[in-house]
Amino acid sequence: MNTLLLVLAGLSLVLLIEGHGRLRRILDRRRGEPPFPASAPSMTVIRPVKGLDTGAEDNIRAFLEMEYPGRLELLFVVDSEEDPAYPVIRRLVAEHRTTAQRVEILLSGSPPPGRTGKLNAMLAGVAAATGELLAFNDSDSRPTKDLLGRLVSELLARPDAGCTFAPVFAASDRPTAGDVGYELLLNAWYGPTVSWAAQPRGELNFIMGQLMVCRRQALEAVGGVGVAQGHFVDDMYIGRALWEAGWKNVVIETPLRIVTGGMGPLQFLRTFRRWFLFSEGGLSLRFTWPNWVRGVSCWIAWAVLGIALATGRPGPALVAALAIAFSVYTQASLQRAYHGPRIAAHQLWVPAIIPLLGGLVAIAARLNRRVDWRGRSYDLDAEARLGRSGSPAPGG
């Protein structure tokens, strides 16, 4: 028993070290940022909005302040004037100076059965758009002034690219434990694996659509954004459709911040479960496998530690504790390398238990296929497609 426990603990430590080294090497040799172009085709940026996100006013200001070396129109899309974001957007648009030639707020109405609220807003925005290029931007993000131009620069430099998009990182100004957990999911688990999978040319068979710029002809070739009708994760499915049609999805190196804050434990667990459901909508086993190896390695280490302590075996307990400590280190290190914030010493327990929670959340995602998102609830099938029609969540 002692030998078996030592072998298992040692194996978990070795796998964690190997995975960390591979991801850090990728992050350390990332390509440089695309240049900001001197001129560019006309662009329409569509921002679906449902409710007020954390830091909503600063997010809206950043959206209005984006710089672009061509004709730019910015379209906010909400369900109705009753949305709490509507008056805030109207006020900030009236108060704020912008280089955009057109700024409007569109009303999309509630989505029909079989369509998410976000996709409904995207379709309304496309119908009103006049730009040669189309971009979509999530409302919980805060783009830098130059990001849009750099995305277009890469798109124009790659004739085979149907879409370029920004890598995302999460950061809270005053993080709760829930915020730290969310930051780690994005900055230490998902983001570095994206960089690994996109090597060597930044190409992926899906899209992270928090800010994506698309060629109209590429979207038209796959049936427009409406091709994602019936799917919960629109950007991943659109990216897969573009890839299968022969277009490339290219991630650049200029990051986009996702703003979080005030996330409690239950909200974090709901978000974690939703992420597992997201992953079923277009992430291949090749992409998810490295994180499964990391997660299972941590589970093994925790199991060995528990057994070793219960049976009085200090050797295996020490090696298992080292593996858990290294798991904390690698998550903190990868987060920093992926543009994320430092983790305060009193919150280092969060990365220690993230892998444990991951296993439990994965089981919960299999058992419960109903998910709340942006004030609505959706039933999903085994491949993250909309099952029974999406319906408003209670009180949503």
# chains A, B, ... in the order shown; residues from 1 in each chain; ligands from 1

$ select_by_dssp --residues "segment 96-141 of chain A" --states "strand (DSSP E)" --output "short mmCIF file (atom, residue, chain, number, x, y, z; two decimals) with C-alpha atoms, in the first residue's frame"
data_model
loop_
_atom_site.label_atom_id
_atom_site.label_comp_id
_atom_site.auth_asym_id
_atom_site.auth_seq_id
_atom_site.Cartn_x
_atom_site.Cartn_y
_atom_site.Cartn_z
CA ARG A 102 -22.88 56.12 -36.09
CA VAL A 103 -23.94 55.03 -32.60
CA GLU A 104 -27.40 53.54 -32.06
CA ILE A 105 -29.38 51.49 -29.56
CA LEU A 106 -31.50 48.82 -31.21
CA LEU A 107 -34.41 46.90 -29.68
CA LEU A 133 -16.71 44.03 -41.71
CA LEU A 134 -18.83 42.79 -38.81
CA ALA A 135 -17.67 42.58 -35.19
CA PHE A 136 -19.40 41.33 -32.06
CA ASN A 137 -18.47 42.33 -28.52
CA SER A 141 -15.69 43.09 -21.52
#

$ residues_around --residues "segment 165-170 of chain A" --least-positions-apart "3" --cutoff "9 Å" --atoms "only C-alpha atoms" --output "VMD selection string"
chain A and resid 141 147 151 179 182 to 187 191 194 to 195 207 to 214 249 to 260 335 338 to 341

$ closest_residue --among "A:Arg201, A:Arg385, A:Arg91, A:Lys50" --to "Asp234 of chain A" --atoms "only C-alpha atoms"
A:Arg385

$ select_by_dssp --residues "segment 28-63 of chain A" --states "helix (DSSP H, G or I)" --output "list of chain:residue names"
A:Asp28, A:Ala56, A:Glu57, A:Asp58, A:Asn59, A:Ile60, A:Arg61, A:Ala62, A:Phe63

$ closest_residue --among "A:Pro111, A:Gly117, A:Gly131, A:Gly306" --to "Leu74 of chain A" --atoms "only C-alpha atoms"
A:Gly131

$ closest_residue --among "A:His231, A:Arg158, A:Arg274, A:Arg90" --to "Lys118 of chain A" --atoms "only C-alpha atoms"
A:His231

$ atom_distance --atom1 "atom CA of Thr288 of chain A" --atom2 "atom CA of Gly239 of chain A"
16.9 Å

$ closest_residue --among "A:Val233, A:Ala241, A:Ala345, A:Met263" --to "Asp173 of chain A" --atoms "only C-alpha atoms"
A:Met263

$ closest_atom_pairs --of "segment 184-276 of chain A" --to "segment 350-362 of chain A" --cutoff "7 Å" --atoms "only C-alpha atoms" --output "Markdown table"
| residue | atom | partner | partner_atom | distance |
| --- | --- | --- | --- | --- |
| A:Phe272 | CA | A:Val361 | CA | 6.9 |
| A:Arg273 | CA | A:Val361 | CA | 5.5 |
| A:Phe276 | CA | A:Ala362 | CA | 6.4 |

$ closest_residue --among "A:Glu383, A:Ile307, A:Val328, A:Arg370" --to "Leu5 of chain A" --atoms "only C-alpha atoms"
A:Ile307

$ closest_residue --among "A:Ala188, A:Leu4, A:Leu75, A:Ala337" --to "Asn291 of chain A" --atoms "only C-alpha atoms"
A:Ala188

$ atom_distance --atom1 "atom CA of Asp381 of chain A" --atom2 "atom CA of Trp275 of chain A"
14.9 Å

$ atom_distance --atom1 "atom CA of Ala9 of chain A" --atom2 "atom CA of Gln331 of chain A"
18.6 Å

$ residues_around --residues "segment 121-128 of chain A" --least-positions-apart "5" --cutoff "9 Å" --atoms "only C-alpha atoms" --output "list in words"
Thr44, Val45, Ile46, Arg47, Pro48, Val49, Leu75, Phe76, Val77, Val78, Asp79, Leu106, Leu107, Ser108, Gly109, Ser110, Pro111, Thr116, Leu134, Phe136, Gly224, Val225 and Gly226 of chain A
